[in-house]
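Structure file target_6.txt; described as compact mmCIF, C-alpha atoms.
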# COMPACT_ATOMS: atom_id res chain seq x y z
CA MET A 21 -16.84 -4.86 -8.31
CA LYS A 22 -17.25 -8.65 -8.02
CA CYS A 23 -15.24 -10.95 -5.71
CA THR A 24 -13.42 -12.49 -8.69
CA GLU A 25 -12.41 -9.03 -9.92
CA PHE A 26 -11.15 -8.18 -6.45
CA LEU A 27 -9.15 -11.42 -6.25
CA ALA A 28 -7.56 -10.74 -9.64
CA ILE A 29 -6.03 -7.54 -8.28
CA LEU A 30 -5.41 -8.75 -4.71
CA ASP A 31 -1.62 -8.63 -5.14
CA ASP A 32 -1.75 -5.06 -6.41
CA VAL A 33 -3.95 -4.11 -3.44
CA ILE A 34 -1.44 -5.70 -1.03
CA ASP A 35 1.51 -4.07 -2.80
CA GLU A 36 -0.37 -0.75 -2.88
CA SER A 37 -0.02 -0.27 -6.60
CA ILE A 38 -3.63 0.61 -7.33
CA ALA A 39 -5.04 3.70 -9.05
CA ALA A 40 -7.18 6.02 -6.90
CA GLN A 41 -10.36 5.23 -8.85
CA THR A 42 -9.93 1.46 -8.39
CA ARG A 43 -9.09 1.97 -4.73
CA ALA A 44 -12.45 3.66 -4.21
CA GLU A 45 -14.23 0.75 -5.91
CA ILE A 46 -12.33 -1.71 -3.69
CA GLU A 47 -13.35 0.15 -0.55
CA VAL A 48 -17.00 -0.02 -1.58
CA HIS A 49 -16.67 -3.76 -2.28
CA LEU A 50 -14.90 -4.48 1.02
CA ARG A 51 -17.60 -2.67 3.00
CA LYS A 52 -20.15 -5.09 1.55
CA CYS A 53 -18.09 -8.30 1.35
CA GLY A 54 -16.82 -9.81 4.59
CA HIS A 55 -15.16 -12.73 2.79
CA CYS A 56 -12.93 -10.52 0.64
CA GLU A 57 -12.11 -8.39 3.66
CA VAL A 58 -10.92 -11.49 5.55
CA VAL A 59 -8.95 -12.75 2.53
CA LEU A 60 -7.18 -9.38 2.19
CA ASP A 61 -6.45 -9.09 5.89
CA THR A 62 -5.22 -12.66 6.40
CA THR A 63 -3.12 -12.62 3.20
CA ARG A 64 -1.40 -9.48 4.47
CA LYS A 65 -0.81 -11.22 7.81
CA THR A 66 0.55 -14.31 6.02
CA ILE A 67 3.24 -12.22 4.34
CA GLU A 68 4.00 -10.33 7.54
CA ILE A 69 4.37 -13.48 9.61
CA TYR A 70 6.89 -14.95 7.16
CA ARG A 71 8.81 -11.68 7.08
CA CYS A 72 8.97 -11.39 10.85
CA HIS A 73 9.92 -14.96 11.72
CA GLU A 74 13.17 -16.34 10.41
CA ILE A 75 12.42 -20.00 9.81
CA TYR A 76 15.92 -20.90 8.65
CA GLU A 77 18.19 -19.44 11.25
CA LEU A 78 21.92 -19.39 10.91
CA PRO A 79 23.43 -19.57 14.42
CA SER A 80 26.37 -17.19 14.86
CA GLU A 81 28.93 -19.96 15.39
CA VAL A 82 27.87 -21.67 12.14
CA SER A 83 27.81 -18.32 10.37
CA GLU A 84 31.33 -17.58 11.59
CA ARG A 85 32.63 -20.98 10.48
CA LEU A 86 31.07 -20.60 7.02
CA HIS A 87 32.24 -17.03 6.72
CA ASN A 88 35.83 -17.98 7.49
CA ALA A 89 35.68 -20.91 5.06
CA ILE A 90 34.39 -18.62 2.29
CA MET A 91 37.12 -16.05 2.85
CA GLU A 92 39.81 -18.77 2.97
CA ARG A 93 38.62 -20.16 -0.35
CA CYS A 94 38.55 -16.68 -1.88
CA LYS A 95 42.12 -16.02 -0.72
CA LYS A 96 43.26 -19.24 -2.39
CA ALA A 97 41.35 -18.38 -5.56
CA LYS A 98 43.27 -15.13 -5.95
CA MET B 15 38.10 -3.81 -16.32
CA SER B 16 34.53 -2.61 -16.84
CA THR B 17 33.06 0.27 -14.90
CA ILE B 18 30.02 -0.44 -12.77
CA GLN B 19 27.10 1.86 -13.30
CA SER B 20 24.93 3.03 -10.48
CA VAL B 21 21.54 1.30 -10.44
CA ALA B 22 20.00 3.53 -7.81
CA GLY B 23 19.96 6.59 -10.07
CA GLN B 24 22.27 8.95 -11.86
CA ASP B 25 23.56 10.70 -8.74
CA GLU B 26 22.96 8.08 -6.12
CA GLN B 27 25.37 5.15 -5.98
CA HIS B 28 24.45 1.93 -4.18
CA PRO B 29 27.03 1.28 -1.41
CA ASP B 30 27.71 -2.19 -2.88
CA VAL B 31 29.05 -0.59 -6.06
CA ALA B 32 31.97 0.98 -4.21
CA LEU B 33 32.66 -2.28 -2.38
CA VAL B 34 32.68 -4.24 -5.63
CA GLU B 35 35.09 -1.72 -7.17
CA ARG B 36 37.40 -2.15 -4.17
CA VAL B 37 37.31 -5.96 -4.50
CA ARG B 38 38.15 -5.60 -8.19
CA ALA B 39 41.11 -3.47 -7.21
CA GLY B 40 42.34 -6.33 -5.02
CA ASP B 41 40.91 -5.40 -1.61
CA LEU B 42 39.68 -8.69 -0.14
CA SER B 43 38.41 -6.99 3.03
CA ALA B 44 35.73 -5.30 0.91
CA TYR B 45 34.53 -8.75 -0.15
CA ASP B 46 34.50 -9.78 3.51
CA THR B 47 32.03 -6.91 4.09
CA LEU B 48 29.82 -8.03 1.20
CA VAL B 49 29.82 -11.63 2.43
CA ARG B 50 28.84 -10.55 5.94
CA LYS B 51 26.09 -8.37 4.55
CA TYR B 52 24.41 -11.09 2.48
CA GLU B 53 25.38 -14.48 3.96
CA ARG B 54 22.17 -14.89 5.95
CA GLN B 55 19.95 -14.08 3.00
CA LEU B 56 21.87 -16.45 0.73
CA PHE B 57 21.68 -19.20 3.31
CA ARG B 58 17.90 -18.76 3.68
CA ILE B 59 17.33 -18.75 -0.08
CA SER B 60 19.48 -21.87 -0.54
CA GLN B 61 17.60 -23.59 2.26
CA HIS B 62 14.24 -22.64 0.72
CA ILE B 63 15.30 -24.37 -2.50
CA THR B 64 17.30 -27.36 -1.30
CA GLN B 65 15.32 -27.84 1.93
CA ASN B 66 18.45 -29.36 3.36
CA ARG B 67 20.71 -27.62 5.84
CA GLU B 68 23.98 -29.21 4.73
CA ASP B 69 23.27 -28.44 1.10
CA ALA B 70 22.36 -24.87 1.96
CA GLU B 71 25.67 -24.41 3.80
CA ASP B 72 27.61 -25.79 0.82
CA VAL B 73 25.62 -23.76 -1.68
CA MET B 74 26.19 -20.57 0.25
CA GLN B 75 29.96 -21.12 0.24
CA ASP B 76 30.07 -22.12 -3.43
CA ALA B 77 27.90 -19.16 -4.47
CA PHE B 78 30.13 -16.61 -2.73
CA LEU B 79 33.26 -18.20 -4.19
CA LYS B 80 31.76 -18.28 -7.69
CA ALA B 81 30.66 -14.64 -7.38
CA TYR B 82 34.18 -13.68 -6.32
CA GLU B 83 35.74 -15.53 -9.24
CA LYS B 84 33.28 -14.07 -11.74
CA LEU B 85 33.20 -10.54 -10.38
CA ASP B 86 34.54 -9.17 -13.66
CA GLN B 87 31.40 -10.47 -15.35
CA PHE B 88 29.17 -8.38 -13.10
CA GLN B 89 28.11 -5.49 -15.31
CA GLY B 90 26.27 -3.40 -12.80
CA ASN B 91 23.03 -3.23 -14.78
CA SER B 92 21.41 -5.14 -11.93
CA LYS B 93 22.05 -4.83 -8.20
CA PHE B 94 24.98 -6.81 -6.85
CA TYR B 95 22.60 -8.55 -4.44
CA THR B 96 20.27 -9.67 -7.25
CA TRP B 97 23.26 -10.96 -9.21
CA LEU B 98 24.45 -12.86 -6.14
CA VAL B 99 20.99 -14.35 -5.54
CA ARG B 100 20.88 -15.55 -9.14
CA ILE B 101 24.15 -17.41 -8.61
CA ALA B 102 22.84 -18.94 -5.36
CA VAL B 103 19.57 -20.02 -7.03
CA ASN B 104 21.49 -21.72 -9.85
CA GLU B 105 23.86 -23.43 -7.42
CA SER B 106 20.91 -24.61 -5.33
CA LEU B 107 19.09 -26.04 -8.34
CA MET B 108 22.26 -27.83 -9.41
CA ARG B 109 22.57 -29.30 -5.95
CA LEU B 110 18.95 -30.49 -6.09
CA ARG B 111 19.57 -32.15 -9.46
CA LYS B 112 22.49 -34.05 -7.95
CA ARG B 113 20.30 -35.27 -5.08
CA ARG B 114 17.41 -36.22 -7.28
CA THR B 115 19.47 -38.06 -9.87
CA GLY B 116 17.67 -38.49 -13.13
CA LYS B 117 14.86 -36.15 -12.18
CA MET B 118 14.82 -32.73 -13.81
CA VAL B 119 14.52 -29.80 -11.48
CA SER B 120 13.13 -26.66 -12.98
CA ILE B 121 11.28 -23.71 -11.60
CA ASP B 122 10.17 -22.43 -14.97
CA ASP B 123 7.89 -25.34 -15.85
CA ASP B 124 4.25 -24.37 -16.00
CA ILE B 125 2.53 -25.22 -12.81
CA VAL B 126 -0.77 -26.66 -13.92
CA THR B 127 -2.41 -27.20 -10.56
CA GLU B 128 -5.30 -24.91 -9.82
CA GLU B 129 -5.17 -25.84 -6.15
CA GLY B 130 -5.44 -22.85 -3.91
CA SER B 131 -6.18 -20.34 -6.63
CA MET B 132 -9.57 -19.62 -5.05
CA PRO B 133 -9.96 -19.02 -1.31
CA ARG B 134 -12.21 -21.52 0.46
CA ASP B 135 -11.73 -20.79 4.13
CA PHE B 136 -13.06 -17.38 5.12
CA ALA B 137 -12.53 -17.69 8.86
CA ASP B 138 -10.89 -14.64 10.38
CA TRP B 139 -7.65 -15.05 12.31
CA ALA B 140 -7.22 -14.54 16.03
CA PRO B 141 -5.78 -11.08 16.86
CA ASN B 142 -2.21 -12.31 17.57
CA PRO B 143 -2.32 -15.91 16.40
CA GLU B 144 1.43 -16.49 16.82
CA GLN B 145 1.00 -16.17 20.57
CA ASN B 146 -0.94 -19.44 20.70
CA TYR B 147 2.27 -21.28 19.87
CA ASN B 148 5.75 -21.28 21.28
CA GLN B 149 8.70 -20.26 19.11
CA ALA B 150 9.59 -23.82 18.06
CA GLU B 151 5.98 -24.75 17.26
CA LEU B 152 5.50 -21.60 15.22
CA ALA B 153 8.71 -22.17 13.27
CA GLU B 154 7.56 -25.73 12.55
CA ILE B 155 4.15 -24.55 11.32
CA LEU B 156 5.68 -21.92 9.03
CA LYS B 157 8.29 -24.36 7.72
CA LYS B 158 5.82 -27.18 7.05
CA THR B 159 3.39 -24.81 5.38
CA ILE B 160 5.86 -23.20 2.98
CA GLN B 161 7.50 -26.56 2.23
CA GLY B 162 4.10 -27.83 1.09
CA LEU B 163 4.00 -25.35 -1.78
CA PRO B 164 5.04 -26.37 -5.30
CA GLU B 165 8.71 -25.46 -5.88
CA GLY B 166 7.99 -22.66 -8.36
CA PHE B 167 5.51 -21.00 -5.99
CA ARG B 168 7.74 -21.39 -2.94
CA LEU B 169 10.70 -19.75 -4.61
CA VAL B 170 8.74 -16.78 -5.93
CA PHE B 171 7.22 -16.19 -2.49
CA ALA B 172 10.59 -16.56 -0.73
CA LEU B 173 12.39 -14.11 -3.03
CA ARG B 174 9.61 -11.59 -3.47
CA ASP B 175 7.89 -11.54 -0.08
CA VAL B 176 10.48 -12.85 2.37
CA GLU B 177 13.71 -11.49 0.90
CA GLY B 178 12.13 -8.33 -0.48
CA LEU B 179 13.19 -8.50 -4.14
CA SER B 180 10.96 -6.57 -6.54
CA THR B 181 8.73 -8.44 -8.99
CA GLU B 182 11.14 -7.54 -11.81
CA GLU B 183 14.20 -8.68 -9.82
CA THR B 184 12.45 -11.95 -8.91
CA ALA B 185 11.64 -12.53 -12.58
CA GLU B 186 15.22 -11.76 -13.62
CA THR B 187 16.69 -13.96 -10.91
CA LEU B 188 14.51 -16.97 -11.73
CA GLY B 189 14.49 -16.49 -15.48
CA LEU B 190 10.71 -16.07 -15.49
CA SER B 191 8.50 -13.44 -17.12
CA VAL B 192 6.97 -10.73 -14.92
CA PRO B 193 3.41 -12.05 -15.54
CA ALA B 194 4.58 -15.56 -14.54
CA VAL B 195 6.03 -14.20 -11.29
CA LYS B 196 2.81 -12.28 -10.57
CA SER B 197 0.62 -15.28 -11.21
CA ARG B 198 2.75 -17.54 -9.01
CA LEU B 199 3.01 -14.97 -6.27
CA LEU B 200 -0.77 -14.59 -6.01
CA ARG B 201 -1.29 -18.33 -5.85
CA ALA B 202 1.56 -18.82 -3.37
CA ARG B 203 0.14 -16.14 -1.09
CA LEU B 204 -3.39 -17.57 -1.31
CA GLN B 205 -2.26 -21.14 -0.67
CA LEU B 206 -0.15 -20.15 2.32
CA ARG B 207 -3.02 -18.07 3.70
CA GLU B 208 -5.43 -20.98 3.30
CA ARG B 209 -3.08 -23.42 5.04
CA LEU B 210 -2.14 -21.04 7.86
CA THR B 211 -5.82 -20.35 8.51
CA ARG B 212 -6.08 -23.89 9.90
CA TYR B 213 -3.71 -22.90 12.70
CA PHE B 214 -4.47 -19.25 13.20
CA LYS B 215 -8.25 -18.94 12.91
CA LYS B 216 -10.26 -17.60 15.81
CA THR B 217 -11.04 -20.48 18.11
CA THR B 218 -11.20 -21.32 21.80
CA PRO B 219 -7.80 -22.35 23.27
CA ALA B 220 -9.20 -25.76 24.30
CA VAL B 221 -9.68 -26.82 20.68
CA ALA B 222 -6.81 -24.90 19.08
CA PRO B 223 -5.01 -27.17 16.59
CA ARG B 224 -1.49 -28.08 17.60
CA VAL B 225 1.42 -28.31 15.27
CA ASN B 226 1.88 -32.05 15.68
CA GLY B 227 -1.80 -32.82 15.48
CA ALA B 228 -2.66 -31.16 12.18
CA GLU B 229 -1.43 -31.48 8.66
CA ALA B 230 0.17 -28.45 6.97

Whole structure, structure tokens version:
Amino acid sequence: MKCTEFLAILDDVIDESIAAQTRAEIEVHLRKCGHCEVVLDTTRKTIEIYRCHEIYELPSEVSERLHNAIMERCKKAK
Amino acid sequence: MSTIQSVAGQDEQHPDVALVERVRAGDLSAYDTLVRKYERQLFRISQHITQNREDAEDVMQDAFLKAYEKLDQFQGNSKFYTWLVRIAVNESLMRLRKRRTGKMVSIDDDIVTEEGSMPRDFADWAPNPEQNYNQAELAEILKKTIQGLPEGFRLVFALRDVEGLSTEETAETLGLSVPAVKSRLLRARLQLRERLTRYFKKTTPAVAPRVNGAEA
């Protein structure tokens, strides 16, 4: 497997939707290629970091205000 | 009134289906439950698109009201949440169009840039890179980095990777093909990785880049 072939299926590797045969080929490639290993590892971390840290927080008082406004409007729309 | 089919399987009914049925029967408290369940996600998605807090607040309210008014149009062949997200995405894009008067806003245009489609920085990250920054600095880094992505990439990443929609749901929500979502997702992930590497790569604390001193 070449680096370009690995990159083409990087998303499938991350999402774990890879056939067993291809997985074995990937493992062989990663043992030999430090660059692809880093790309895989840091791309996984990129996704994880965005999942774990809420960058657009909704403080509870704002959430409550908006929630009440939504329900008021729905009542009127009845 | 149409009957909602289960999307989780023949025997397994998604809890939202029962709530939607109750709302259709006139029980507003069931809608209150649905709003509480999804208001944070809708707010985040709207903010990802509009990149403006006030707009995101308005969009979130409008989207929930529109969903309530159009509940009879919800057929149940997609999840209620996906249907709701589609409404919020459309409302957000409309809001953007209003702000950028005269400029078309579309997420389904082909993105021709090849930037970031090949990794260039192969530096490994520090073991827990977030710990080199305080909460506010980290939030700023993540915000600046994702805001630097082209709109079509940012949205696909936000829906698929942050909000956890499937590739198919992301495609349906954005009106894109599955291959288009996959291609954008790969490039979004690679571009974010490349940009975050500037902040998170292994380095000595004395020369660690700071959020205000480096470009996202």

Please provide as a VMD selection string all residues within 10 Å of Glu74 of chain A, with the sequence filter that same-chain residues fewer than 2 positions apart are discarded (counting all atoms listed in the file). (chain A and resid 69 to 72 76 to 78) or (chain B and resid 58 153 156 to 157 176)

Give me the chain A side of the contact with chain B, cut-off 10 Å, one line per residue showing its nearest atom pair and distance in Å at one decimal, counting only C-alpha atoms, sorted by chain and residue number, as a tab-separated table.
residue	atom	partner	partner_atom	distance
A:Thr24	CA	B:Met132	CA	8.9
A:Leu27	CA	B:Met132	CA	8.3
A:Ala28	CA	B:Leu200	CA	8.6
A:Ile29	CA	B:Leu200	CA	9.1
A:Leu30	CA	B:Leu200	CA	7.6
A:Asp31	CA	B:Leu200	CA	6.1
A:Asp32	CA	B:Lys196	CA	9.5
A:Gly54	CA	B:Phe136	CA	8.5
A:His55	CA	B:Phe136	CA	5.6
A:Cys56	CA	B:Phe136	CA	8.2
A:Glu57	CA	B:Phe136	CA	9.2
A:Val58	CA	B:Asp138	CA	5.8
A:Val59	CA	B:Phe136	CA	6.7
A:Leu60	CA	B:Leu204	CA	9.7
A:Asp61	CA	B:Asp138	CA	8.4
A:Thr62	CA	B:Arg207	CA	6.4
A:Thr63	CA	B:Arg207	CA	5.5
A:Arg64	CA	B:Arg207	CA	8.8
A:Lys65	CA	B:Arg207	CA	8.3
A:Thr66	CA	B:Arg207	CA	5.7
A:Ile67	CA	B:Asp175	CA	6.5
A:Glu68	CA	B:Asp175	CA	8.6
A:Ile69	CA	B:Glu144	CA	8.3
A:Tyr70	CA	B:Val176	CA	6.3
A:Arg71	CA	B:Val176	CA	5.1
A:Cys72	CA	B:Val176	CA	8.7
A:His73	CA	B:Ala153	CA	7.5
A:Glu74	CA	B:Ala153	CA	7.9
A:Ile75	CA	B:Ala153	CA	5.5
A:Tyr76	CA	B:Arg58	CA	5.8
A:Glu77	CA	B:Arg58	CA	7.6
A:Leu78	CA	B:Arg54	CA	6.7
A:Pro79	CA	B:Arg54	CA	9.8
A:Val82	CA	B:Glu71	CA	9.1
A:Ser83	CA	B:Glu53	CA	7.9
A:Glu84	CA	B:Arg50	CA	9.4
A:Leu86	CA	B:Gln75	CA	6.9
A:His87	CA	B:Val49	CA	7.3
A:Asn88	CA	B:Asp46	CA	9.2
A:Ala89	CA	B:Gln75	CA	7.5
A:Ile90	CA	B:Gln75	CA	5.5
A:Met91	CA	B:Asp46	CA	6.8
A:Glu92	CA	B:Leu79	CA	9.7
A:Arg93	CA	B:Leu79	CA	6.9
A:Cys94	CA	B:Leu79	CA	6.0
A:Lys95	CA	B:Leu42	CA	7.7
A:Ala97	CA	B:Glu83	CA	7.3
A:Lys98	CA	B:Glu83	CA	8.2

Suppose we keep C-alpha atoms; can you now write the selection as a compact mmCIF listing (two decimals), keeping the file's coordinate frame?
# COMPACT_ATOMS: atom_id res chain seq x y z
CA THR A 24 -13.42 -12.49 -8.69
CA LEU A 27 -9.15 -11.42 -6.25
CA ALA A 28 -7.56 -10.74 -9.64
CA ILE A 29 -6.03 -7.54 -8.28
CA LEU A 30 -5.41 -8.75 -4.71
CA ASP A 31 -1.62 -8.63 -5.14
CA ASP A 32 -1.75 -5.06 -6.41
CA GLY A 54 -16.82 -9.81 4.59
CA HIS A 55 -15.16 -12.73 2.79
CA CYS A 56 -12.93 -10.52 0.64
CA GLU A 57 -12.11 -8.39 3.66
CA VAL A 58 -10.92 -11.49 5.55
CA VAL A 59 -8.95 -12.75 2.53
CA LEU A 60 -7.18 -9.38 2.19
CA ASP A 61 -6.45 -9.09 5.89
CA THR A 62 -5.22 -12.66 6.40
CA THR A 63 -3.12 -12.62 3.20
CA ARG A 64 -1.40 -9.48 4.47
CA LYS A 65 -0.81 -11.22 7.81
CA THR A 66 0.55 -14.31 6.02
CA ILE A 67 3.24 -12.22 4.34
CA GLU A 68 4.00 -10.33 7.54
CA ILE A 69 4.37 -13.48 9.61
CA TYR A 70 6.89 -14.95 7.16
CA ARG A 71 8.81 -11.68 7.08
CA CYS A 72 8.97 -11.39 10.85
CA HIS A 73 9.92 -14.96 11.72
CA GLU A 74 13.17 -16.34 10.41
CA ILE A 75 12.42 -20.00 9.81
CA TYR A 76 15.92 -20.90 8.65
CA GLU A 77 18.19 -19.44 11.25
CA LEU A 78 21.92 -19.39 10.91
CA PRO A 79 23.43 -19.57 14.42
CA VAL A 82 27.87 -21.67 12.14
CA SER A 83 27.81 -18.32 10.37
CA GLU A 84 31.33 -17.58 11.59
CA LEU A 86 31.07 -20.60 7.02
CA HIS A 87 32.24 -17.03 6.72
CA ASN A 88 35.83 -17.98 7.49
CA ALA A 89 35.68 -20.91 5.06
CA ILE A 90 34.39 -18.62 2.29
CA MET A 91 37.12 -16.05 2.85
CA GLU A 92 39.81 -18.77 2.97
CA ARG A 93 38.62 -20.16 -0.35
CA CYS A 94 38.55 -16.68 -1.88
CA LYS A 95 42.12 -16.02 -0.72
CA ALA A 97 41.35 -18.38 -5.56
CA LYS A 98 43.27 -15.13 -5.95

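Rounded to one decimal, atom CA of Leu169 of chain B and atom CA of Ile38 of chain A lie 25.0 Å from each other.
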
Given the point (10.7, -18.6, -14.5) in the coordinates of this file, which residues lie within 12 Å, counting only C-alpha atoms, and how would they look as a tab-separated table (two decimals) with C-alpha atoms, in the frame of the given file?
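Once everything was written out, this is out.tsv:
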chain	number	residue	atom	x	y	z
B	100	ARG	CA	20.88	-15.55	-9.14
B	103	VAL	CA	19.57	-20.02	-7.03
B	120	SER	CA	13.13	-26.66	-12.98
B	121	ILE	CA	11.28	-23.71	-11.60
B	122	ASP	CA	10.17	-22.43	-14.97
B	123	ASP	CA	7.89	-25.34	-15.85
B	124	ASP	CA	4.25	-24.37	-16.00
B	125	ILE	CA	2.53	-25.22	-12.81
B	165	GLU	CA	8.71	-25.46	-5.88
B	166	GLY	CA	7.99	-22.66	-8.36
B	167	PHE	CA	5.51	-21.00	-5.99
B	169	LEU	CA	10.70	-19.75	-4.61
B	170	VAL	CA	8.74	-16.78	-5.93
B	181	THR	CA	8.73	-8.44	-8.99
B	182	GLU	CA	11.14	-7.54	-11.81
B	183	GLU	CA	14.20	-8.68	-9.82
B	184	THR	CA	12.45	-11.95	-8.91
B	185	ALA	CA	11.64	-12.53	-12.58
B	186	GLU	CA	15.22	-11.76	-13.62
B	187	THR	CA	16.69	-13.96	-10.91
B	188	LEU	CA	14.51	-16.97	-11.73
B	189	GLY	CA	14.49	-16.49	-15.48
B	190	LEU	CA	10.71	-16.07	-15.49
B	191	SER	CA	8.50	-13.44	-17.12
B	192	VAL	CA	6.97	-10.73	-14.92
B	193	PRO	CA	3.41	-12.05	-15.54
B	194	ALA	CA	4.58	-15.56	-14.54
B	195	VAL	CA	6.03	-14.20	-11.29
B	196	LYS	CA	2.81	-12.28	-10.57
B	197	SER	CA	0.62	-15.28	-11.21
B	198	ARG	CA	2.75	-17.54	-9.01
B	199	LEU	CA	3.01	-14.97	-6.27

Measure the distance from atom CA of Ala202 of chain B to atom CA of Ala40 of chain A in Å and round it to one decimal. 26.6 Å

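Here atom CA of Glu35 of chain B stands at a distance of 23.1 Å from atom CA of Leu179 of chain B.
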
Distance query 12 Å from (-12.3, 0.9, -5.6) using only C-alpha atoms, result as a list of chain:residue names: A:Met21, A:Lys22, A:Glu25, A:Phe26, A:Ile29, A:Leu30, A:Val33, A:Ile38, A:Ala39, A:Ala40, A:Gln41, A:Thr42, A:Arg43, A:Ala44, A:Glu45, A:Ile46, A:Glu47, A:Val48, A:His49, A:Leu50, A:Arg51

Which residue is closest to Asp35 of chain A? Choose from B:Thr96, B:Ser180, B:Thr217, B:Gln89 and count all atoms listed in the file.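 Once distances to Asp35 of chain A are computed over all atoms listed in the file, the minimum belongs to B:Ser180.
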
Place N, CA and C atoms on segment 202-215 of chain B and deliver the coordinates as a PDB file, in the coordinates of the input.
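Saved as rebuild03.pdb:
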ATOM      1  N   ALA B 202       0.766 -18.445  -4.557  1.00  0.00           N
ATOM      2  CA  ALA B 202       1.560 -18.820  -3.370  1.00  0.00           C
ATOM      3  C   ALA B 202       0.984 -18.151  -2.127  1.00  0.00           C
ATOM      4  N   ARG B 203       0.686 -16.864  -2.241  1.00  0.00           N
ATOM      5  CA  ARG B 203       0.140 -16.140  -1.090  1.00  0.00           C
ATOM      6  C   ARG B 203      -1.196 -16.734  -0.656  1.00  0.00           C
ATOM      7  N   LEU B 204      -2.061 -17.039  -1.639  1.00  0.00           N
ATOM      8  CA  LEU B 204      -3.390 -17.570  -1.310  1.00  0.00           C
ATOM      9  C   LEU B 204      -3.294 -18.968  -0.695  1.00  0.00           C
ATOM     10  N   GLN B 205      -2.395 -19.791  -1.231  1.00  0.00           N
ATOM     11  CA  GLN B 205      -2.260 -21.140  -0.670  1.00  0.00           C
ATOM     12  C   GLN B 205      -1.699 -21.108   0.746  1.00  0.00           C
ATOM     13  N   LEU B 206      -0.719 -20.254   0.969  1.00  0.00           N
ATOM     14  CA  LEU B 206      -0.150 -20.150   2.320  1.00  0.00           C
ATOM     15  C   LEU B 206      -1.213 -19.639   3.289  1.00  0.00           C
ATOM     16  N   ARG B 207      -1.958 -18.644   2.862  1.00  0.00           N
ATOM     17  CA  ARG B 207      -3.020 -18.070   3.700  1.00  0.00           C
ATOM     18  C   ARG B 207      -4.029 -19.147   4.089  1.00  0.00           C
ATOM     19  N   GLU B 208      -4.433 -19.929   3.081  1.00  0.00           N
ATOM     20  CA  GLU B 208      -5.430 -20.980   3.300  1.00  0.00           C
ATOM     21  C   GLU B 208      -4.909 -21.996   4.339  1.00  0.00           C
ATOM     22  N   ARG B 209      -3.642 -22.400   4.161  1.00  0.00           N
ATOM     23  CA  ARG B 209      -3.080 -23.420   5.040  1.00  0.00           C
ATOM     24  C   ARG B 209      -2.830 -22.876   6.451  1.00  0.00           C
ATOM     25  N   LEU B 210      -2.388 -21.620   6.533  1.00  0.00           N
ATOM     26  CA  LEU B 210      -2.140 -21.040   7.860  1.00  0.00           C
ATOM     27  C   LEU B 210      -3.439 -20.793   8.610  1.00  0.00           C
ATOM     28  N   THR B 211      -4.527 -20.590   7.866  1.00  0.00           N
ATOM     29  CA  THR B 211      -5.820 -20.350   8.510  1.00  0.00           C
ATOM     30  C   THR B 211      -6.198 -21.509   9.433  1.00  0.00           C
ATOM     31  N   ARG B 212      -5.780 -22.725   9.056  1.00  0.00           N
ATOM     32  CA  ARG B 212      -6.080 -23.890   9.900  1.00  0.00           C
ATOM     33  C   ARG B 212      -5.507 -23.720  11.310  1.00  0.00           C
ATOM     34  N   TYR B 213      -4.378 -23.064  11.395  1.00  0.00           N
ATOM     35  CA  TYR B 213      -3.710 -22.900  12.700  1.00  0.00           C
ATOM     36  C   TYR B 213      -4.094 -21.607  13.405  1.00  0.00           C
ATOM     37  N   PHE B 214      -4.366 -20.589  12.614  1.00  0.00           N
ATOM     38  CA  PHE B 214      -4.470 -19.250  13.200  1.00  0.00           C
ATOM     39  C   PHE B 214      -5.893 -18.708  13.309  1.00  0.00           C
ATOM     40  N   LYS B 215      -6.894 -19.495  12.861  1.00  0.00           N
ATOM     41  CA  LYS B 215      -8.250 -18.940  12.910  1.00  0.00           C
ATOM     42  C   LYS B 215      -8.738 -18.772  14.341  1.00  0.00           C
TER      43      LYS B 215
END
